[in-house]
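One structure is given here, and the rest of the page talks about it.
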Amino acid sequence: MITQEADGWQVPDWRRLQADLITDVAALCEHLGLDPARLPDGVDADSDFPLRVPRRYLDRIEPGNPDDPLLRQVLASGRERETVPGYGADPLEEAEHTPVPGLLHKYHGRALLVVTGACAVHCRYCFRRHFPYQTHLSGGRWKQALAWLRERDDIREVILSGGDPLTLGNERLAALLEELAAIPHLDRLRLHSRTPVVIPERLDDGLLSLLEAPRWRATLVLHANHPREIDADLAARCRTLGRAGVTLLNQAVLLAGVNDDADTLAALSDRLHDAGVLPYYLHQLDAVAGAAHFAVPDHRARALHAALRARLPGFLVPRLAREEPGEAAKTVLAG
């Protein structure tokens, strides 16, 4: 993991909340009143993808409920050690699309910067849980990636990802955005982040100032999978960003035992709309080793999507999609 630095002497509220976390399975179970021996899938107390969850997020999990959908997303389960054919360490073959360290180029006109290896929370289904961050972020960090972008005038959009770009402080982000803004052919900026869903306080005034800069209209793509992840604080902060001109979208992952029912998905779209966020994609699970127990069959996913279309206006129905290695775009299973 990459260690973050504070922005000057004052540690922002979101930094303190990000640091106030649980990294031990036993401590997590004790906090939530759970008996590890009675959890249906068991626990993995010694995972090579360690547990990491801020207490701020735990406030939304129902104590004593081993089937809580938010708990399932963060608790290291014993099923993660299952070996399943077709599931591997690099499900999207990202190693084949890395022209320089720290940069991925898979789709026309867009490039993705891996700006950090850190995340506010370790989601158990993460497709980059085995990603070699040390290789991508060692040495000059972003220098090679920025040099590559300067030479490629066919690239119009840069996507900040990781890890999670919003685990970086505003000063670090400002320095990176200044470098990107100086590249004339870049005219779209996108950030993908789950941090605000876990710690809404990350959407602070300093970040707002960065994203409403006149150089480009920024797009922030959140990652909420369940309606209970969108509390009143997050909704209010999202609406503030929206009024400042930031485009807000959401990408969810369809996860067995978390959101694989029409009522939950419809409630998620409603909560997103109330927060000024448009549902963008509902992703089928990437086949990463350790996450196969979250998979939902395509026929069931399509049926759930059809149920959403029957009850919601079209603009609140995300596209059901899968990312497949080597394809020129995401594969839309239902639009």
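Every chain in the structure tokens takes a letter, A first, then B, and so on in the order presented; its residues are numbered from 1, and the ligands are numbered from 1 following the presented order.
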
Write out as a compact mmCIF listing (two decimals) with all heavy atoms, in the first residue's frame all residues of stretch 142-320 of chain A that DSSP puts in alpha helix (DSSP H) for this structure's backbone.
# COMPACT_ATOMS: atom_id res chain seq x y z
N LYS A 143 5.85 10.27 -13.89
CA LYS A 143 6.60 10.98 -14.93
C LYS A 143 6.50 10.31 -16.28
O LYS A 143 6.26 10.97 -17.31
CB LYS A 143 8.06 11.12 -14.51
CG LYS A 143 8.27 12.12 -13.38
CD LYS A 143 9.75 12.30 -13.06
CE LYS A 143 9.94 13.33 -11.95
NZ LYS A 143 11.37 13.49 -11.60
N GLN A 144 6.69 8.99 -16.33
CA GLN A 144 6.63 8.30 -17.62
C GLN A 144 5.23 8.37 -18.22
O GLN A 144 5.09 8.55 -19.44
CB GLN A 144 7.06 6.85 -17.45
CG GLN A 144 8.55 6.64 -17.26
CD GLN A 144 8.89 5.18 -17.11
OE1 GLN A 144 8.79 4.62 -16.03
NE2 GLN A 144 9.28 4.55 -18.20
N ALA A 145 4.24 8.23 -17.39
CA ALA A 145 2.86 8.27 -17.88
C ALA A 145 2.53 9.65 -18.45
O ALA A 145 1.91 9.76 -19.52
CB ALA A 145 1.89 7.91 -16.76
N LEU A 146 2.94 10.70 -17.76
CA LEU A 146 2.68 12.06 -18.26
C LEU A 146 3.43 12.31 -19.57
O LEU A 146 2.89 12.94 -20.49
CB LEU A 146 3.08 13.08 -17.20
CG LEU A 146 2.17 13.13 -15.97
CD1 LEU A 146 2.82 13.95 -14.85
CD2 LEU A 146 0.81 13.72 -16.32
N ALA A 147 4.67 11.83 -19.65
CA ALA A 147 5.43 12.00 -20.89
C ALA A 147 4.74 11.28 -22.05
O ALA A 147 4.68 11.80 -23.18
CB ALA A 147 6.85 11.48 -20.70
N TRP A 148 4.21 10.08 -21.79
CA TRP A 148 3.49 9.33 -22.83
C TRP A 148 2.26 10.11 -23.28
O TRP A 148 1.98 10.21 -24.48
CB TRP A 148 3.10 7.96 -22.27
CG TRP A 148 2.49 7.02 -23.25
CD1 TRP A 148 3.15 6.08 -24.01
CD2 TRP A 148 1.10 6.89 -23.58
NE1 TRP A 148 2.25 5.38 -24.78
CE2 TRP A 148 0.98 5.86 -24.53
CE3 TRP A 148 -0.05 7.53 -23.16
CZ2 TRP A 148 -0.24 5.48 -25.07
CZ3 TRP A 148 -1.28 7.15 -23.70
CH2 TRP A 148 -1.37 6.13 -24.64
N LEU A 149 1.51 10.68 -22.34
CA LEU A 149 0.31 11.43 -22.68
C LEU A 149 0.64 12.66 -23.53
O LEU A 149 -0.11 13.01 -24.45
CB LEU A 149 -0.42 11.85 -21.42
CG LEU A 149 -1.18 10.75 -20.67
CD1 LEU A 149 -1.63 11.25 -19.30
CD2 LEU A 149 -2.38 10.27 -21.47
N ARG A 150 1.75 13.32 -23.23
CA ARG A 150 2.12 14.51 -24.01
C ARG A 150 2.37 14.18 -25.48
O ARG A 150 2.17 15.03 -26.35
CB ARG A 150 3.36 15.15 -23.39
CG ARG A 150 3.13 15.76 -22.02
CD ARG A 150 4.36 16.52 -21.52
NE ARG A 150 4.20 16.88 -20.12
CZ ARG A 150 4.78 16.25 -19.11
NH1 ARG A 150 5.61 15.23 -19.36
NH2 ARG A 150 4.57 16.63 -17.86
N GLU A 151 2.83 12.97 -25.75
CA GLU A 151 3.18 12.58 -27.11
C GLU A 151 2.01 12.00 -27.88
O GLU A 151 2.12 11.77 -29.08
CB GLU A 151 4.32 11.55 -27.08
CG GLU A 151 5.63 12.08 -26.50
CD GLU A 151 6.18 13.23 -27.33
OE1 GLU A 151 6.14 13.14 -28.57
OE2 GLU A 151 6.63 14.23 -26.72
N ASN A 170 -5.61 16.80 -1.40
CA ASN A 170 -5.90 17.79 -2.43
C ASN A 170 -4.65 18.43 -3.01
O ASN A 170 -4.63 18.79 -4.19
CB ASN A 170 -6.83 18.87 -1.84
CG ASN A 170 -8.21 18.34 -1.54
OD1 ASN A 170 -8.67 17.39 -2.17
ND2 ASN A 170 -8.88 18.92 -0.56
N GLU A 171 -3.59 18.58 -2.21
CA GLU A 171 -2.36 19.17 -2.73
C GLU A 171 -1.73 18.26 -3.77
O GLU A 171 -1.25 18.72 -4.82
CB GLU A 171 -1.39 19.45 -1.59
CG GLU A 171 -1.81 20.62 -0.70
CD GLU A 171 -0.76 20.96 0.32
OE1 GLU A 171 0.27 20.25 0.40
OE2 GLU A 171 -0.96 21.95 1.07
N ARG A 172 -1.71 16.95 -3.50
CA ARG A 172 -1.14 16.02 -4.48
C ARG A 172 -2.00 15.97 -5.74
O ARG A 172 -1.48 15.94 -6.86
CB ARG A 172 -1.05 14.61 -3.88
CG ARG A 172 -0.09 14.48 -2.70
CD ARG A 172 1.34 14.79 -3.09
NE ARG A 172 1.84 13.96 -4.16
CZ ARG A 172 2.33 12.73 -4.01
NH1 ARG A 172 2.34 12.17 -2.82
NH2 ARG A 172 2.80 12.07 -5.04
N LEU A 173 -3.31 15.96 -5.57
CA LEU A 173 -4.19 15.97 -6.72
C LEU A 173 -4.03 17.25 -7.54
O LEU A 173 -4.00 17.22 -8.76
CB LEU A 173 -5.65 15.83 -6.27
CG LEU A 173 -6.15 14.43 -5.97
CD1 LEU A 173 -7.57 14.50 -5.41
CD2 LEU A 173 -6.12 13.54 -7.20
N ALA A 174 -3.90 18.37 -6.86
CA ALA A 174 -3.75 19.65 -7.55
C ALA A 174 -2.48 19.65 -8.40
O ALA A 174 -2.49 20.14 -9.55
CB ALA A 174 -3.72 20.80 -6.54
N ALA A 175 -1.40 19.10 -7.86
CA ALA A 175 -0.15 19.05 -8.62
C ALA A 175 -0.31 18.19 -9.87
O ALA A 175 0.18 18.55 -10.96
CB ALA A 175 0.97 18.52 -7.73
N LEU A 176 -0.98 17.05 -9.74
CA LEU A 176 -1.19 16.19 -10.90
C LEU A 176 -2.12 16.84 -11.91
O LEU A 176 -1.84 16.82 -13.13
CB LEU A 176 -1.78 14.86 -10.44
CG LEU A 176 -2.15 13.86 -11.54
CD1 LEU A 176 -0.95 13.52 -12.41
CD2 LEU A 176 -2.76 12.59 -10.93
N LEU A 177 -3.19 17.45 -11.45
CA LEU A 177 -4.13 18.09 -12.38
C LEU A 177 -3.49 19.26 -13.11
O LEU A 177 -3.80 19.53 -14.28
CB LEU A 177 -5.37 18.56 -11.62
CG LEU A 177 -6.26 17.45 -11.04
CD1 LEU A 177 -7.49 18.05 -10.36
CD2 LEU A 177 -6.66 16.44 -12.10
N GLU A 178 -2.57 19.97 -12.45
CA GLU A 178 -1.86 21.06 -13.12
C GLU A 178 -1.02 20.52 -14.28
O GLU A 178 -0.97 21.12 -15.36
CB GLU A 178 -0.97 21.78 -12.11
CG GLU A 178 -0.27 23.00 -12.68
CD GLU A 178 0.54 23.75 -11.64
OE1 GLU A 178 0.50 23.36 -10.45
OE2 GLU A 178 1.22 24.73 -12.01
N GLU A 179 -0.37 19.38 -14.06
CA GLU A 179 0.42 18.75 -15.13
C GLU A 179 -0.49 18.32 -16.29
O GLU A 179 -0.16 18.52 -17.47
CB GLU A 179 1.16 17.54 -14.58
CG GLU A 179 2.21 17.86 -13.54
CD GLU A 179 3.61 17.85 -14.12
OE1 GLU A 179 3.75 18.06 -15.35
OE2 GLU A 179 4.55 17.63 -13.35
N LEU A 180 -1.62 17.73 -15.96
CA LEU A 180 -2.53 17.27 -17.00
C LEU A 180 -3.16 18.44 -17.76
O LEU A 180 -3.35 18.38 -18.98
CB LEU A 180 -3.62 16.40 -16.38
CG LEU A 180 -3.17 15.06 -15.79
CD1 LEU A 180 -4.30 14.42 -15.00
CD2 LEU A 180 -2.69 14.12 -16.89
N ALA A 181 -3.49 19.51 -17.04
CA ALA A 181 -4.11 20.67 -17.68
C ALA A 181 -3.19 21.33 -18.69
O ALA A 181 -3.66 22.01 -19.62
CB ALA A 181 -4.54 21.68 -16.61
N THR A 195 -14.08 6.06 -2.47
CA THR A 195 -13.82 6.71 -1.18
C THR A 195 -15.00 7.54 -0.68
O THR A 195 -15.36 7.44 0.50
CB THR A 195 -12.55 7.56 -1.26
OG1 THR A 195 -11.43 6.70 -1.50
CG2 THR A 195 -12.31 8.32 0.03
N PRO A 196 -15.66 8.37 -1.50
CA PRO A 196 -16.79 9.15 -0.96
C PRO A 196 -17.94 8.29 -0.46
O PRO A 196 -18.69 8.71 0.43
CB PRO A 196 -17.22 10.01 -2.15
CG PRO A 196 -16.02 10.08 -3.03
CD PRO A 196 -15.37 8.75 -2.90
N VAL A 197 -18.11 7.10 -1.03
CA VAL A 197 -19.17 6.20 -0.58
C VAL A 197 -18.84 5.68 0.82
O VAL A 197 -19.72 5.48 1.65
CB VAL A 197 -19.34 5.04 -1.58
CG1 VAL A 197 -20.34 4.01 -1.07
CG2 VAL A 197 -19.77 5.59 -2.94
N VAL A 198 -17.56 5.48 1.08
CA VAL A 198 -17.10 4.98 2.37
C VAL A 198 -16.93 6.11 3.37
O VAL A 198 -17.27 5.98 4.55
CB VAL A 198 -15.78 4.20 2.18
CG1 VAL A 198 -15.26 3.67 3.51
CG2 VAL A 198 -15.96 3.06 1.20
N ASP A 205 -14.48 21.02 0.55
CA ASP A 205 -14.43 22.25 -0.25
C ASP A 205 -13.18 22.31 -1.11
O ASP A 205 -13.21 22.84 -2.23
CB ASP A 205 -14.48 23.46 0.67
CG ASP A 205 -15.83 23.64 1.34
OD1 ASP A 205 -16.81 23.06 0.85
OD2 ASP A 205 -15.90 24.35 2.37
N GLY A 206 -12.06 21.77 -0.61
CA GLY A 206 -10.83 21.78 -1.39
C GLY A 206 -10.96 20.96 -2.66
O GLY A 206 -10.51 21.39 -3.74
N LEU A 207 -11.57 19.80 -2.55
CA LEU A 207 -11.77 18.98 -3.74
C LEU A 207 -12.75 19.65 -4.70
O LEU A 207 -12.55 19.63 -5.92
CB LEU A 207 -12.28 17.60 -3.34
CG LEU A 207 -12.52 16.63 -4.49
CD1 LEU A 207 -11.21 16.29 -5.20
CD2 LEU A 207 -13.20 15.35 -3.99
N LEU A 208 -13.79 20.26 -4.16
CA LEU A 208 -14.75 20.98 -4.99
C LEU A 208 -14.04 22.05 -5.82
O LEU A 208 -14.29 22.20 -7.02
CB LEU A 208 -15.83 21.61 -4.11
CG LEU A 208 -16.83 22.52 -4.82
CD1 LEU A 208 -17.64 21.76 -5.84
CD2 LEU A 208 -17.76 23.17 -3.79
N SER A 209 -13.13 22.78 -5.20
CA SER A 209 -12.40 23.82 -5.92
C SER A 209 -11.58 23.24 -7.07
O SER A 209 -11.48 23.86 -8.14
CB SER A 209 -11.47 24.57 -4.96
OG SER A 209 -12.22 25.25 -3.97
N LEU A 210 -11.00 22.07 -6.86
CA LEU A 210 -10.22 21.43 -7.92
C LEU A 210 -11.11 20.99 -9.08
O LEU A 210 -10.77 21.18 -10.25
CB LEU A 210 -9.47 20.23 -7.37
CG LEU A 210 -8.32 20.49 -6.41
CD1 LEU A 210 -7.73 19.17 -5.92
CD2 LEU A 210 -7.23 21.33 -7.06
N LEU A 211 -12.26 20.42 -8.76
CA LEU A 211 -13.10 19.83 -9.80
C LEU A 211 -13.92 20.86 -10.56
O LEU A 211 -14.37 20.59 -11.67
CB LEU A 211 -14.02 18.77 -9.19
CG LEU A 211 -13.32 17.56 -8.57
CD1 LEU A 211 -14.35 16.54 -8.09
CD2 LEU A 211 -12.35 16.91 -9.56
N ALA A 232 -27.38 10.47 3.97
CA ALA A 232 -27.79 11.86 3.74
C ALA A 232 -26.60 12.77 3.52
O ALA A 232 -26.66 13.72 2.72
CB ALA A 232 -28.63 12.34 4.93
N ASP A 233 -25.49 12.49 4.21
CA ASP A 233 -24.30 13.33 4.07
C ASP A 233 -23.71 13.20 2.67
O ASP A 233 -23.40 14.21 2.02
CB ASP A 233 -23.26 12.92 5.12
CG ASP A 233 -22.11 13.91 5.23
OD1 ASP A 233 -22.18 14.99 4.59
OD2 ASP A 233 -21.14 13.63 5.95
N LEU A 234 -23.58 11.97 2.19
CA LEU A 234 -23.06 11.78 0.84
C LEU A 234 -23.97 12.43 -0.19
O LEU A 234 -23.50 13.10 -1.12
CB LEU A 234 -22.90 10.29 0.54
CG LEU A 234 -22.47 9.94 -0.88
CD1 LEU A 234 -21.13 10.56 -1.22
CD2 LEU A 234 -22.42 8.42 -1.07
N ALA A 235 -25.28 12.27 -0.04
CA ALA A 235 -26.22 12.85 -1.00
C ALA A 235 -26.09 14.37 -1.04
O ALA A 235 -26.07 14.97 -2.13
CB ALA A 235 -27.65 12.44 -0.63
N ALA A 236 -25.99 15.00 0.11
CA ALA A 236 -25.87 16.47 0.16
C ALA A 236 -24.58 16.93 -0.52
O ALA A 236 -24.57 17.93 -1.26
CB ALA A 236 -25.91 16.94 1.61
N ARG A 237 -23.50 16.23 -0.26
CA ARG A 237 -22.21 16.63 -0.86
C ARG A 237 -22.21 16.40 -2.37
O ARG A 237 -21.63 17.20 -3.13
CB ARG A 237 -21.07 15.87 -0.18
CG ARG A 237 -20.85 16.29 1.27
CD ARG A 237 -19.89 15.36 2.00
NE ARG A 237 -19.78 15.71 3.41
CZ ARG A 237 -18.87 16.52 3.93
NH1 ARG A 237 -17.97 17.08 3.14
NH2 ARG A 237 -18.85 16.77 5.22
N CYS A 238 -22.86 15.33 -2.82
CA CYS A 238 -22.97 15.11 -4.26
C CYS A 238 -23.78 16.21 -4.93
O CYS A 238 -23.42 16.71 -6.02
CB CYS A 238 -23.60 13.75 -4.53
SG CYS A 238 -22.51 12.34 -4.23
N ARG A 239 -24.86 16.62 -4.30
CA ARG A 239 -25.67 17.68 -4.88
C ARG A 239 -24.88 18.98 -4.98
O ARG A 239 -25.03 19.74 -5.95
CB ARG A 239 -26.95 17.87 -4.07
CG ARG A 239 -27.97 16.73 -4.26
CD ARG A 239 -29.32 17.09 -3.68
NE ARG A 239 -29.30 17.10 -2.22
CZ ARG A 239 -29.64 16.06 -1.46
NH1 ARG A 239 -29.98 14.91 -2.02
NH2 ARG A 239 -29.61 16.16 -0.15
N THR A 240 -24.02 19.24 -4.02
CA THR A 240 -23.17 20.44 -4.07
C THR A 240 -22.22 20.36 -5.26
O THR A 240 -22.03 21.35 -6.00
CB THR A 240 -22.37 20.58 -2.77
OG1 THR A 240 -23.27 20.77 -1.68
CG2 THR A 240 -21.43 21.78 -2.83
N LEU A 241 -21.61 19.20 -5.47
CA LEU A 241 -20.73 19.03 -6.63
C LEU A 241 -21.50 19.23 -7.93
O LEU A 241 -21.01 19.85 -8.88
CB LEU A 241 -20.10 17.65 -6.62
CG LEU A 241 -18.94 17.39 -5.65
CD1 LEU A 241 -18.51 15.94 -5.74
CD2 LEU A 241 -17.76 18.30 -5.92
N GLY A 242 -22.71 18.69 -7.98
CA GLY A 242 -23.52 18.83 -9.18
C GLY A 242 -23.83 20.28 -9.50
O GLY A 242 -23.78 20.70 -10.66
N ARG A 243 -24.16 21.05 -8.47
CA ARG A 243 -24.44 22.48 -8.69
C ARG A 243 -23.21 23.23 -9.18
O ARG A 243 -23.33 24.26 -9.86
CB ARG A 243 -24.96 23.11 -7.40
CG ARG A 243 -26.39 22.69 -7.04
CD ARG A 243 -26.96 23.56 -5.93
NE ARG A 243 -26.27 23.35 -4.67
CZ ARG A 243 -26.63 22.46 -3.75
NH1 ARG A 243 -27.68 21.67 -3.97
NH2 ARG A 243 -25.96 22.35 -2.62
N ALA A 262 -34.22 -7.23 -7.62
CA ALA A 262 -34.73 -6.04 -8.30
C ALA A 262 -35.07 -4.92 -7.32
O ALA A 262 -34.86 -3.74 -7.63
CB ALA A 262 -35.95 -6.41 -9.14
N ASP A 263 -35.59 -5.24 -6.16
CA ASP A 263 -35.94 -4.21 -5.19
C ASP A 263 -34.71 -3.41 -4.76
O ASP A 263 -34.76 -2.18 -4.68
CB ASP A 263 -36.61 -4.83 -3.95
CG ASP A 263 -38.01 -5.34 -4.23
OD1 ASP A 263 -38.60 -4.94 -5.26
OD2 ASP A 263 -38.50 -6.15 -3.43
N THR A 264 -33.62 -4.12 -4.49
CA THR A 264 -32.40 -3.44 -4.05
C THR A 264 -31.83 -2.57 -5.16
O THR A 264 -31.44 -1.42 -4.94
CB THR A 264 -31.34 -4.48 -3.62
OG1 THR A 264 -31.85 -5.22 -2.50
CG2 THR A 264 -30.04 -3.80 -3.20
N LEU A 265 -31.80 -3.09 -6.38
CA LEU A 265 -31.25 -2.32 -7.50
C LEU A 265 -32.12 -1.10 -7.81
O LEU A 265 -31.60 -0.02 -8.12
CB LEU A 265 -31.11 -3.21 -8.73
CG LEU A 265 -30.05 -4.30 -8.63
CD1 LEU A 265 -30.14 -5.23 -9.84
CD2 LEU A 265 -28.65 -3.70 -8.53
N ALA A 266 -33.44 -1.25 -7.73
CA ALA A 266 -34.32 -0.10 -7.97
C ALA A 266 -34.15 0.95 -6.88
O ALA A 266 -34.10 2.16 -7.17
CB ALA A 266 -35.77 -0.57 -8.02
N ALA A 267 -34.01 0.51 -5.62
CA ALA A 267 -33.79 1.46 -4.53
C ALA A 267 -32.45 2.17 -4.70
O ALA A 267 -32.33 3.37 -4.38
CB ALA A 267 -33.84 0.73 -3.19
N LEU A 268 -31.44 1.46 -5.19
CA LEU A 268 -30.14 2.09 -5.44
C LEU A 268 -30.28 3.20 -6.47
O LEU A 268 -29.77 4.32 -6.28
CB LEU A 268 -29.14 1.04 -5.91
CG LEU A 268 -27.77 1.56 -6.35
CD1 LEU A 268 -27.06 2.29 -5.22
CD2 LEU A 268 -26.90 0.41 -6.88
N SER A 269 -30.98 2.93 -7.56
CA SER A 269 -31.17 3.97 -8.58
C SER A 269 -31.93 5.17 -8.03
O SER A 269 -31.61 6.33 -8.32
CB SER A 269 -31.91 3.39 -9.80
OG SER A 269 -31.07 2.60 -10.59
N ASP A 270 -32.95 4.91 -7.22
CA ASP A 270 -33.71 6.01 -6.61
C ASP A 270 -32.84 6.86 -5.70
O ASP A 270 -32.90 8.10 -5.73
CB ASP A 270 -34.90 5.45 -5.83
CG ASP A 270 -36.03 4.99 -6.73
OD1 ASP A 270 -36.12 5.48 -7.87
OD2 ASP A 270 -36.83 4.14 -6.28
N ARG A 271 -32.03 6.21 -4.87
CA ARG A 271 -31.15 6.96 -3.96
C ARG A 271 -30.11 7.75 -4.72
O ARG A 271 -29.77 8.88 -4.35
CB ARG A 271 -30.48 6.00 -2.98
CG ARG A 271 -31.43 5.31 -2.00
CD ARG A 271 -32.06 6.29 -1.01
NE ARG A 271 -31.10 6.81 -0.05
CZ ARG A 271 -30.77 6.23 1.09
NH1 ARG A 271 -31.32 5.06 1.42
NH2 ARG A 271 -29.92 6.79 1.92
N LEU A 272 -29.58 7.16 -5.78
CA LEU A 272 -28.62 7.89 -6.61
C LEU A 272 -29.26 9.13 -7.22
O LEU A 272 -28.67 10.22 -7.22
CB LEU A 272 -28.08 6.98 -7.71
CG LEU A 272 -27.13 5.87 -7.27
CD1 LEU A 272 -26.92 4.86 -8.39
CD2 LEU A 272 -25.78 6.44 -6.83
N HIS A 273 -30.48 8.97 -7.74
CA HIS A 273 -31.15 10.11 -8.35
C HIS A 273 -31.38 11.22 -7.34
O HIS A 273 -31.21 12.41 -7.63
CB HIS A 273 -32.47 9.66 -8.96
CG HIS A 273 -33.25 10.76 -9.59
ND1 HIS A 273 -34.39 11.30 -9.02
CD2 HIS A 273 -33.04 11.46 -10.73
CE1 HIS A 273 -34.84 12.27 -9.80
NE2 HIS A 273 -34.05 12.38 -10.85
N ASP A 274 -31.78 10.85 -6.12
CA ASP A 274 -31.99 11.85 -5.08
C ASP A 274 -30.70 12.61 -4.77
O ASP A 274 -30.76 13.78 -4.36
CB ASP A 274 -32.50 11.18 -3.79
CG ASP A 274 -33.93 10.67 -3.93
OD1 ASP A 274 -34.61 11.10 -4.88
OD2 ASP A 274 -34.35 9.86 -3.09
N ASP A 298 -25.39 -14.84 -16.11
CA ASP A 298 -25.87 -13.85 -17.07
C ASP A 298 -27.39 -13.88 -17.24
O ASP A 298 -28.03 -12.83 -17.36
CB ASP A 298 -25.21 -14.06 -18.43
CG ASP A 298 -23.79 -13.49 -18.48
OD1 ASP A 298 -23.35 -12.89 -17.49
OD2 ASP A 298 -23.14 -13.67 -19.54
N HIS A 299 -27.98 -15.06 -17.26
CA HIS A 299 -29.43 -15.12 -17.48
C HIS A 299 -30.18 -14.45 -16.33
O HIS A 299 -31.19 -13.78 -16.54
CB HIS A 299 -29.89 -16.57 -17.66
CG HIS A 299 -29.87 -17.39 -16.41
ND1 HIS A 299 -28.75 -18.08 -15.97
CD2 HIS A 299 -30.84 -17.64 -15.48
CE1 HIS A 299 -29.02 -18.71 -14.84
NE2 HIS A 299 -30.27 -18.46 -14.51
N ARG A 300 -29.66 -14.62 -15.12
CA ARG A 300 -30.30 -13.97 -13.97
C ARG A 300 -30.05 -12.46 -14.00
O ARG A 300 -30.94 -11.67 -13.68
CB ARG A 300 -29.80 -14.58 -12.68
CG ARG A 300 -30.33 -13.89 -11.44
CD ARG A 300 -30.23 -14.76 -10.20
NE ARG A 300 -30.44 -13.98 -8.99
CZ ARG A 300 -31.60 -13.47 -8.61
NH1 ARG A 300 -32.67 -13.65 -9.35
NH2 ARG A 300 -31.71 -12.78 -7.49
N ALA A 301 -28.85 -12.06 -14.40
CA ALA A 301 -28.53 -10.63 -14.50
C ALA A 301 -29.45 -9.95 -15.50
O ALA A 301 -29.97 -8.85 -15.25
CB ALA A 301 -27.07 -10.45 -14.90
N ARG A 302 -29.69 -10.60 -16.64
CA ARG A 302 -30.58 -10.01 -17.65
C ARG A 302 -32.01 -9.93 -17.13
O ARG A 302 -32.73 -8.96 -17.43
CB ARG A 302 -30.51 -10.83 -18.93
CG ARG A 302 -29.20 -10.68 -19.70
CD ARG A 302 -29.31 -11.32 -21.09
NE ARG A 302 -28.12 -11.09 -21.90
CZ ARG A 302 -27.12 -11.96 -22.04
NH1 ARG A 302 -27.19 -13.13 -21.39
NH2 ARG A 302 -26.09 -11.68 -22.79
N ALA A 303 -32.44 -10.92 -16.38
CA ALA A 303 -33.79 -10.88 -15.82
C ALA A 303 -33.94 -9.74 -14.82
O ALA A 303 -34.97 -9.05 -14.79
CB ALA A 303 -34.11 -12.22 -15.16
N LEU A 304 -32.93 -9.52 -14.02
CA LEU A 304 -32.96 -8.40 -13.08
C LEU A 304 -33.00 -7.08 -13.82
O LEU A 304 -33.72 -6.15 -13.44
CB LEU A 304 -31.72 -8.46 -12.16
CG LEU A 304 -31.72 -9.57 -11.11
CD1 LEU A 304 -30.34 -9.68 -10.48
CD2 LEU A 304 -32.77 -9.29 -10.05
N HIS A 305 -32.22 -6.98 -14.90
CA HIS A 305 -32.20 -5.74 -15.68
C HIS A 305 -33.57 -5.49 -16.31
O HIS A 305 -34.05 -4.35 -16.35
CB HIS A 305 -31.11 -5.82 -16.74
CG HIS A 305 -30.79 -4.51 -17.37
ND1 HIS A 305 -31.43 -4.05 -18.50
CD2 HIS A 305 -29.92 -3.53 -17.00
CE1 HIS A 305 -30.95 -2.87 -18.82
NE2 HIS A 305 -30.04 -2.51 -17.94
N ALA A 306 -34.21 -6.55 -16.80
CA ALA A 306 -35.55 -6.40 -17.38
C ALA A 306 -36.55 -5.93 -16.33
O ALA A 306 -37.44 -5.11 -16.62
CB ALA A 306 -36.00 -7.72 -17.99
N ALA A 307 -36.40 -6.42 -15.11
CA ALA A 307 -37.28 -5.98 -14.03
C ALA A 307 -37.09 -4.51 -13.72
O ALA A 307 -38.05 -3.78 -13.43
CB ALA A 307 -37.03 -6.82 -12.78
N LEU A 308 -35.85 -4.04 -13.80
CA LEU A 308 -35.59 -2.61 -13.59
C LEU A 308 -36.24 -1.77 -14.69
O LEU A 308 -36.84 -0.73 -14.41
CB LEU A 308 -34.08 -2.34 -13.57
CG LEU A 308 -33.30 -2.77 -12.34
CD1 LEU A 308 -31.84 -2.33 -12.47
CD2 LEU A 308 -33.89 -2.19 -11.07
N ARG A 309 -36.11 -2.22 -15.93
CA ARG A 309 -36.71 -1.48 -17.04
C ARG A 309 -38.22 -1.38 -16.89
O ARG A 309 -38.84 -0.41 -17.31
CB ARG A 309 -36.36 -2.13 -18.38
CG ARG A 309 -34.91 -2.03 -18.77
CD ARG A 309 -34.71 -2.22 -20.28
NE ARG A 309 -35.39 -3.41 -20.76
CZ ARG A 309 -34.84 -4.62 -20.82
NH1 ARG A 309 -33.61 -4.81 -20.38
NH2 ARG A 309 -35.53 -5.65 -21.30
N ALA A 310 -38.82 -2.39 -16.29
CA ALA A 310 -40.28 -2.41 -16.13
C ALA A 310 -40.77 -1.47 -15.06
O ALA A 310 -41.95 -1.10 -15.05
CB ALA A 310 -40.73 -3.84 -15.82
N ARG A 311 -39.89 -1.07 -14.15
CA ARG A 311 -40.37 -0.25 -13.03
C ARG A 311 -39.74 1.14 -12.94
O ARG A 311 -40.22 1.98 -12.18
CB ARG A 311 -40.17 -0.98 -11.71
CG ARG A 311 -38.73 -1.16 -11.26
CD ARG A 311 -38.65 -1.65 -9.82
NE ARG A 311 -39.11 -3.03 -9.69
CZ ARG A 311 -39.18 -3.67 -8.53
NH1 ARG A 311 -38.87 -3.05 -7.40
NH2 ARG A 311 -39.57 -4.92 -8.48

Contact residues around A:Thr331 with only C-alpha atoms at 8 Å, ignoring same-chain residues under 5 positions, as a count of residues only: 4

Contacts of A:Leu21 within 7 Å, only C-alpha atoms, excl. fewer than 6 positions in-chain, as a PyMOL selection string: chain A and resi 52-55

Using only C-alpha atoms, which protein or nucleic acid residues come within 9 Å of A:Leu222? Drop anything in the same chain fewer than 2 positions from it, and give the result as a ChimeraX atom specification. /A:191-197,220,224,248-252,277

Strand (DSSP E or B) per DSSP on the backbone: members of stretch 22-225 of chain A, as a PyMOL selection string: chain A and resi 22+43+53-54+77+88+100+103-104+110-114+157-161+188-193+218-222

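With only C-alpha atoms taken into account, the protein and nucleic acid residues at most 8 Å from stretch 76-88 of chain A (excluding it and anything under 4 positions from it in its own chain) are Val25, Asp41, Gly42, Val43, Asp44, Ala45, Ser47, Pro50, Leu51, Arg124, Ala287, Val288, Ala289, Gly290, Ala291, Ala292 and His293 of chain A.
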